[in-house]
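What follows is a single structure, written as structure tokens, with notes after it.
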Amino acid sequence: MKISLVCLIGILAGGLCLLGCTGEFEPEKIRLKEAFLSQIENEISGEKRPEITRPPFLQLFDINIPIVAVMPIAENSNNSDLNLLLNDVNNLVAYLMSQNTEIGLLSPYLIKKLAGTENDSERIFNAITKLEGVQFYIRSELIYSSTNVEISCTLFDARSSASVLELRLPTENPDETISELINLVPDFHRILSTDFSGISIKPDLTYRAASSFIRGLNAQFNNEREIAESYFFSSIMEDSTFAQPYFQLIPFYFNNFFEENRAYLPELLKYSLKYQDQLTEKEKIILSGYQNFSFQKFQEAQSSFKSFTTKFPDQINGYIGLVRSLLALNQPESALEAIEPVRDIVNNCGNCGKFTACNVVDSFMG
């Protein structure tokens, strides 16, 4: 019985490892409402599509927390480098906003996924801002003057479209752009949250390291594992003291049962722990689970993963860690029970790479 369960965990991990790896979405409470999807679909497409391909990180939020939409950019420059910088800045804003568990975030990745092939940015914008529960949105654009070009990241009230706060960033030196963004984004958080302790990221992050990391998150969201790995390792090559890419890579190897596929895991854990002051409290909880498991402290690992799934019930990686710990403790029945919540999380994911997530979970659960 135990052997078959362990094998199934390997299959589960192979099909689902990307679903919970991102730091892209971090609401503590989630609530799936079909009305949300149908409303945005109707607004964007004009009619309900017969089949909805739902992105893997669909998360709906508790009605008591503000929902913030970070809109995809509309390119407004013939300069490809400026457009690339604008896009990277916008996606980094989304990542930094996602660190606050007191807000719900609709990222540019998710909005694009919901929009499908729709390219009308204004229609997408109008659809998102009309959704019930979306209280704020952020738009990033290039601002031209007679002497320079700046990036404007503005927080708007979704109902009145009134500007709440604008951040202006220089574009001459991309490293300065990223540094200024990291310095100013906490101002957005302070408006949206009464108990914000600060963002967690390397303060002197370079543009090359940041852009590779952000593009890795984008590939991860789209279930492009090899591309995501390449970008994360590229980010590490640019800045070996940047914690987040190490941390994002850990589930790629931990979630794969077979030993030969986990060669990088000890080093990833080592450097994630070394630079963990850059990680959020949420990330530190699951990191302690990975650490305890790697030292074969399975009881402690179980406790860490259980704490993580209790606080963040929408994150699949926590359940995979919990199940692996219970199997290591020779508790297969408890492992079956622990995997149950994953069904709800992946129920609307659709196809996930080689496996259909729902079918994998159903197979695991017998």
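Ligands are numbered from 1 in the order shown, chains are lettered A, B, ... in the order of the structure tokens, and residues start at 1 in each chain.
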
10 Å contact set for Lys202 in chain A, only C-alpha atoms, chain neighbours under 4 positions out, as number ranges by chain: A: 179, 182, 206, 210, 241-244, 275, 277-279

Per-residue DSSP, range 152-203 of chain A, filtered to strand (DSSP E or B), as JSON, numbers by chain: {"A": [152, 153, 154, 155, 156, 157, 163, 164, 165, 166, 167, 168, 169, 170]}

Would you mind exporting N, CA and C atoms of the selected residues as a PDB file, in the first residue's frame?
```
ATOM      1  N   SER A 152       5.276  55.699 -15.182  1.00  0.00           N
ATOM      2  CA  SER A 152       4.269  56.041 -14.179  1.00  0.00           C
ATOM      3  C   SER A 152       3.534  54.779 -13.770  1.00  0.00           C
ATOM      4  N   CYS A 153       3.550  54.460 -12.473  1.00  0.00           N
ATOM      5  CA  CYS A 153       2.756  53.361 -11.906  1.00  0.00           C
ATOM      6  C   CYS A 153       1.736  54.006 -10.977  1.00  0.00           C
ATOM      7  N   THR A 154       0.475  53.919 -11.337  1.00  0.00           N
ATOM      8  CA  THR A 154      -0.547  54.653 -10.602  1.00  0.00           C
ATOM      9  C   THR A 154      -1.600  53.713 -10.034  1.00  0.00           C
ATOM     10  N   LEU A 155      -1.922  53.915  -8.764  1.00  0.00           N
ATOM     11  CA  LEU A 155      -3.006  53.199  -8.090  1.00  0.00           C
ATOM     12  C   LEU A 155      -4.282  54.012  -8.239  1.00  0.00           C
ATOM     13  N   PHE A 156      -5.328  53.392  -8.791  1.00  0.00           N
ATOM     14  CA  PHE A 156      -6.601  54.064  -9.018  1.00  0.00           C
ATOM     15  C   PHE A 156      -7.707  53.422  -8.187  1.00  0.00           C
ATOM     16  N   ASP A 157      -8.692  54.233  -7.840  1.00  0.00           N
ATOM     17  CA  ASP A 157      -9.938  53.736  -7.281  1.00  0.00           C
ATOM     18  C   ASP A 157     -10.759  53.178  -8.446  1.00  0.00           C
ATOM     19  N   SER A 163      -7.222  58.887  -9.349  1.00  0.00           N
ATOM     20  CA  SER A 163      -5.879  58.495  -8.965  1.00  0.00           C
ATOM     21  C   SER A 163      -5.721  58.583  -7.449  1.00  0.00           C
ATOM     22  N   VAL A 164      -5.217  57.519  -6.847  1.00  0.00           N
ATOM     23  CA  VAL A 164      -4.982  57.493  -5.404  1.00  0.00           C
ATOM     24  C   VAL A 164      -3.527  57.828  -5.092  1.00  0.00           C
ATOM     25  N   LEU A 165      -2.616  57.232  -5.861  1.00  0.00           N
ATOM     26  CA  LEU A 165      -1.190  57.487  -5.663  1.00  0.00           C
ATOM     27  C   LEU A 165      -0.438  57.132  -6.932  1.00  0.00           C
ATOM     28  N   GLU A 166       0.472  58.017  -7.336  1.00  0.00           N
ATOM     29  CA  GLU A 166       1.295  57.763  -8.519  1.00  0.00           C
ATOM     30  C   GLU A 166       2.761  57.662  -8.124  1.00  0.00           C
ATOM     31  N   LEU A 167       3.425  56.640  -8.661  1.00  0.00           N
ATOM     32  CA  LEU A 167       4.870  56.504  -8.499  1.00  0.00           C
ATOM     33  C   LEU A 167       5.515  56.845  -9.831  1.00  0.00           C
ATOM     34  N   ARG A 168       6.543  57.678  -9.803  1.00  0.00           N
ATOM     35  CA  ARG A 168       7.284  58.018 -11.016  1.00  0.00           C
ATOM     36  C   ARG A 168       8.680  57.429 -10.944  1.00  0.00           C
ATOM     37  N   LEU A 169       9.075  56.719 -11.991  1.00  0.00           N
ATOM     38  CA  LEU A 169      10.353  56.020 -12.007  1.00  0.00           C
ATOM     39  C   LEU A 169      11.189  56.471 -13.197  1.00  0.00           C
ATOM     40  N   PRO A 170      12.489  56.652 -12.996  1.00  0.00           N
ATOM     41  CA  PRO A 170      13.370  57.027 -14.112  1.00  0.00           C
ATOM     42  C   PRO A 170      13.591  55.840 -15.040  1.00  0.00           C
TER      43      PRO A 170
END
```

Mind checking DSSP for range 156-298 of chain A and telling me the alpha helix (DSSP H) residues as a PyMOL selection string? chain A and resi 174-184+186-192+207-221+225-238+243-254+265-274+281-294+298

Which polymer residues have any atom within 8 Å of an atom of range 293-302 of chain A, counting only C-alpha atoms, with same-chain residues fewer than 5 positions away left out, as a ChimeraX atom specification? /A:266,288,321-322,325-326,328-329

Minimum-distance residue to Ser272 in chain A, chosen among A:Phe252, A:Tyr207, A:Tyr290, A:Phe247 (using only C-alpha atoms): A:Phe247
